[in-house]
file data29.cif (mmCIF, C-alpha atoms)
data_query
loop_
_atom_site.label_atom_id
_atom_site.label_comp_id
_atom_site.auth_asym_id
_atom_site.auth_seq_id
_atom_site.Cartn_x
_atom_site.Cartn_y
_atom_site.Cartn_z
CA MET A 29 2.21 -15.84 -9.71
CA ALA A 30 4.86 -13.12 -9.85
CA ALA A 31 4.01 -9.52 -9.04
CA PRO A 32 3.09 -7.65 -12.21
CA SER A 33 5.30 -4.86 -13.43
CA GLU A 34 4.04 -1.38 -14.19
CA SER A 35 4.32 -2.10 -17.91
CA GLU A 36 1.64 -4.81 -17.57
CA HIS A 37 -0.81 -2.20 -16.34
CA PRO A 38 -0.73 0.75 -18.73
CA GLY A 39 -3.29 3.31 -17.64
CA ASN A 40 -6.42 1.66 -16.35
CA ALA A 41 -6.15 -1.59 -18.29
CA LEU A 42 -6.59 -4.87 -16.45
CA ALA A 43 -4.18 -7.74 -17.03
CA THR A 44 -5.69 -11.21 -17.38
CA PRO A 45 -3.26 -14.06 -16.69
CA ALA A 46 -3.90 -17.65 -17.77
CA ASN A 47 -5.80 -18.52 -14.56
CA GLY A 48 -8.60 -16.06 -15.45
CA ALA A 49 -7.92 -13.59 -12.65
CA LEU A 50 -8.20 -9.88 -13.34
CA ILE A 51 -5.15 -8.16 -11.89
CA GLN A 52 -6.25 -4.83 -10.46
CA PRO A 53 -4.15 -1.93 -11.75
CA LYS A 54 -1.86 -0.10 -9.36
CA LEU A 55 -0.76 3.35 -10.36
CA PRO A 56 2.95 4.30 -10.24
CA LYS A 57 1.86 7.27 -8.11
CA LEU A 58 1.20 4.76 -5.29
CA ARG A 59 4.95 4.18 -5.16
CA GLN A 60 5.47 7.93 -4.82
CA LEU A 61 2.87 8.12 -2.05
CA TRP A 62 4.56 5.28 -0.15
CA ARG A 63 7.96 6.92 -0.69
CA LEU A 64 6.69 10.24 0.70
CA SER A 65 5.20 8.47 3.69
CA ALA A 66 8.43 6.56 4.35
CA LEU A 67 10.51 9.74 4.01
CA ALA A 68 8.23 11.65 6.39
CA GLN A 69 8.50 8.89 9.00
CA GLY A 70 12.27 8.67 8.47
CA THR A 71 12.57 12.44 8.87
CA LEU A 72 10.74 12.37 12.19
CA LEU A 73 12.94 9.53 13.38
CA GLY A 74 16.07 11.32 12.12
CA VAL A 75 15.20 14.54 13.95
CA GLY A 76 14.70 12.52 17.12
CA LEU A 77 18.01 10.74 16.52
CA MET A 78 19.91 14.01 16.08
CA LEU A 79 18.24 15.56 19.14
CA ALA A 80 19.14 12.50 21.22
CA ALA A 81 22.73 12.60 19.91
CA TYR A 82 23.00 16.29 20.77
CA LEU A 83 21.58 15.90 24.27
CA ALA A 84 23.44 12.67 25.13
CA ALA A 85 26.88 13.68 23.88
CA PRO A 86 29.41 15.44 26.06
CA SER A 87 29.88 19.00 24.83
CA ALA A 88 33.34 18.25 23.41
CA TRP A 89 31.94 15.42 21.26
CA ARG A 90 28.65 16.99 20.15
CA ALA A 91 29.82 17.86 16.64
CA SER A 92 31.10 14.31 16.05
CA TRP A 93 27.92 12.75 17.44
CA LEU A 94 25.75 15.04 15.33
CA LEU A 95 27.74 14.12 12.21
CA LEU A 96 27.34 10.43 13.05
CA ALA A 97 23.58 10.94 13.62
CA LEU A 98 23.34 12.81 10.30
CA LEU A 99 25.03 9.93 8.46
CA ALA A 100 22.72 7.43 10.18
CA TRP A 101 19.74 9.56 9.19
CA GLY A 102 20.88 9.60 5.55
CA GLY A 103 21.16 5.81 5.59
CA LEU A 104 17.72 5.59 7.16
CA LEU A 105 16.19 7.75 4.41
CA ILE A 106 17.81 5.64 1.68
CA ALA A 107 16.53 2.46 3.34
CA ALA A 108 13.03 3.95 3.67
CA TRP A 109 13.03 4.89 -0.03
CA ARG A 110 14.08 1.38 -1.08
CA TYR A 111 11.56 -0.22 1.27
CA ALA A 112 8.75 1.77 -0.38
CA ASP A 113 9.89 0.50 -3.79
CA GLN A 114 9.96 -3.11 -2.56
CA ARG A 115 6.55 -2.69 -0.91
CA PHE A 116 5.14 -1.44 -4.22
CA ALA A 117 6.65 -4.36 -6.15
CA ALA A 118 5.25 -6.93 -3.68
CA TYR A 119 1.70 -5.54 -3.68
CA GLU A 120 -0.87 -7.22 -5.94
CA ALA A 121 -4.65 -7.56 -5.96
CA ALA A 122 -6.50 -9.96 -8.27
CA LEU A 123 -10.22 -10.56 -8.79
CA PHE A 124 -11.30 -14.13 -9.54
CA GLY A 125 -14.65 -13.98 -11.33
CA GLY A 126 -17.55 -14.35 -8.95
CA GLU A 127 -15.45 -16.17 -6.35
CA GLY A 128 -13.38 -13.60 -4.54
CA LEU A 129 -10.39 -11.34 -4.32
CA ARG A 130 -6.77 -12.22 -3.56
CA VAL A 131 -4.39 -9.62 -2.14
CA ARG A 132 -0.65 -10.22 -1.79
CA ARG A 133 1.59 -7.82 0.07
CA GLY A 134 4.58 -7.61 2.34
CA VAL A 135 8.32 -7.20 2.02
CA TRP A 136 9.69 -8.97 5.09
CA TRP A 137 6.53 -10.65 6.29
CA ARG A 138 4.57 -11.73 3.25
CA LYS A 139 0.83 -12.00 3.50
CA GLU A 140 -1.76 -13.37 1.10
CA VAL A 141 -5.40 -12.69 1.87
CA TRP A 142 -8.26 -14.47 0.15
CA LEU A 143 -11.57 -12.64 0.50
CA PRO A 144 -14.64 -14.55 -0.70
CA ILE A 145 -17.27 -12.27 -2.19
CA ALA A 146 -19.87 -13.85 0.09
CA ARG A 147 -18.11 -12.27 3.10
CA LEU A 148 -18.47 -8.68 1.86
CA GLN A 149 -20.69 -6.42 3.95
CA HIS A 150 -20.10 -3.04 2.32
CA LEU A 151 -17.51 -1.22 0.22
CA ASP A 152 -16.11 2.30 0.42
CA VAL A 153 -14.09 4.30 -2.10
CA SER A 154 -11.89 6.87 -0.37
CA GLN A 155 -9.43 9.51 -1.52
CA GLY A 156 -6.97 11.59 0.45
CA PRO A 157 -5.58 14.91 -0.81
CA LEU A 158 -2.65 13.30 -2.67
CA ASP A 159 -4.93 10.57 -4.00
CA ARG A 160 -7.22 13.21 -5.53
CA ARG A 161 -4.28 15.11 -6.98
CA TRP A 162 -2.89 11.96 -8.61
CA GLY A 163 -6.23 10.41 -9.66
CA MET A 164 -5.98 7.51 -7.22
CA ALA A 165 -8.44 5.99 -4.80
CA SER A 166 -8.54 3.26 -2.18
CA LEU A 167 -11.26 0.65 -2.11
CA VAL A 168 -12.09 -0.46 1.43
CA LEU A 169 -13.82 -3.83 1.64
CA HIS A 170 -15.64 -4.36 4.94
CA THR A 171 -16.13 -8.04 5.70
CA ALA A 172 -17.87 -10.47 7.99
CA GLY A 173 -15.92 -13.15 9.77
CA ARG A 174 -12.42 -11.69 9.53
CA HIS A 175 -10.34 -10.75 12.52
CA ASP A 176 -9.72 -7.19 11.33
CA HIS A 177 -13.03 -6.77 9.45
CA SER A 178 -11.72 -4.72 6.52
CA LEU A 179 -9.26 -4.87 3.66
CA THR A 180 -7.94 -1.83 1.82
CA LEU A 181 -6.81 -1.79 -1.80
CA PRO A 182 -4.75 1.40 -2.22
CA GLY A 183 -3.48 3.05 -5.39
CA LEU A 184 -6.27 2.13 -7.77
CA PRO A 185 -7.27 4.53 -10.52
CA LEU A 186 -10.50 6.23 -9.37
CA ASP A 187 -12.60 4.77 -12.18
CA ALA A 188 -11.14 1.29 -11.58
CA ALA A 189 -11.96 1.53 -7.85
CA GLN A 190 -15.54 2.55 -8.64
CA ALA A 191 -15.88 -0.19 -11.27
CA LEU A 192 -14.52 -2.81 -8.87
CA ARG A 193 -16.93 -1.63 -6.18
CA ALA A 194 -19.82 -1.93 -8.65
CA THR A 195 -18.64 -5.41 -9.66
CA LEU A 196 -18.37 -6.64 -6.07
CA MET A 197 -21.59 -5.09 -4.75
CA PRO A 198 -24.60 -7.40 -4.72
CA ARG A 199 -27.40 -6.20 -7.02
CA ARG A 200 -30.21 -7.64 -4.93
CA GLN A 201 -30.82 -9.11 -1.51
CA GLY A 202 -29.16 -12.52 -1.24
CA ALA A 203 -27.02 -12.09 -4.37
CA HIS A 204 -23.93 -13.52 -2.63
CA ASP A 205 -25.73 -16.54 -1.13
#
call {"tool": "encode", "arguments": {"input": "data29.cif", "output": "structure tokens"}}
result
Amino acid sequence: MAAPSESEHPGNALATPANGALIQPKLPKLRQLWRLSALAQGTLLGVGLMLAAYLAAPSAWRASWLLLALLAWGGLLIAAWRYADQRFAAYEAALFGGEGLRVRRGVWWRKEVWLPIARLQHLDVSQGPLDRRWGMASLVLHTAGRHDHSLTLPGLPLDAAQALRATLMPRRQGAHD
């Protein structure tokens, strides 16, 4: 199944493809958050690159090396921006009735995770400062039997994250048996 476009998820609506899965909405602000993160990391790397160029260059060549480092930094920031866009396009989470949740992600190394509902231990809804400002939340699914024991669904609208948590939580002891 192809990654859904933003137009398939207006607001908090859920898309339902032919296979009966409910595609969880991802807000366009998630792309902005990933862009900001990529730019911050690229800026730190670029400052280190320029400092290394300044310290490593002979004094007569420092201006040329700094210019070269500045051009490399600009290319790095453009690549980081594009990577965030590709990461956003590749990310998808879908709920399959009472069976489980599928998460697809990855730009270079693609990963598809299938999480059966029976493996869920507990669920957390979390928001950072930018998440709160933009009305987003992350749903963290803590699991049994997985090597990393949790799965995070970022960029959900707050009410969708809370509704998904309520849907996935067992109502009584043994509900997922």
call {"tool": "resolve_selection", "arguments": {"input": "data29.cif", "expression": "the PyMOL selection byres ((chain A and resi 196) around 12)", "output": "PyMOL selection string"}}
result
chain A and resi 123-129+143-152+167-170+189-195+197-200+203-204
call {"tool": "atom_distance", "arguments": {"input": "data29.cif", "atom1": "CA of Leu72 in chain A", "atom2": "CA of Pro157 in chain A"}}
result
21.0 Å
call {"tool": "closest_atom_pairs", "arguments": {"input": "data29.cif", "of": "range 64-156 of chain A", "to": "range 50-59 of chain A", "cutoff": "6 Å", "atoms": "all atoms listed in the file", "output": "tab-separated table"}}
result
residue	atom	partner	partner_atom	distance
A:Phe116	CA	A:Arg59	CA	5.7
A:Ala121	CA	A:Gln52	CA	5.5
A:Ala122	CA	A:Ile51	CA	4.3
A:Leu123	CA	A:Leu50	CA	5.0
call {"tool": "residues_around", "arguments": {"input": "data29.cif", "residues": "range 88-96 of chain A", "least_positions_apart": "3", "cutoff": "12 Å", "atoms": "only C-alpha atoms", "output": "number ranges by chain"}}
result
A: 74-85, 99-103
call {"tool": "residues_around", "arguments": {"input": "data29.cif", "residues": "range 60-63 of chain A", "least_positions_apart": "2", "cutoff": "9 Å", "atoms": "all atoms listed in the file", "output": "list in words"}}
result
Pro56, Lys57, Leu58, Ser65, Ala66, Leu67, Ala68, Ala108, Trp109, Arg110, Tyr111, Ala112, Asp113, Arg115, Phe116, Leu158, Asp159 and Gly183 of chain A
call {"tool": "atom_distance", "arguments": {"input": "data29.cif", "atom1": "CA of Ala118 in chain A", "atom2": "CA of Ala188 in chain A"}}
result
20.0 Å
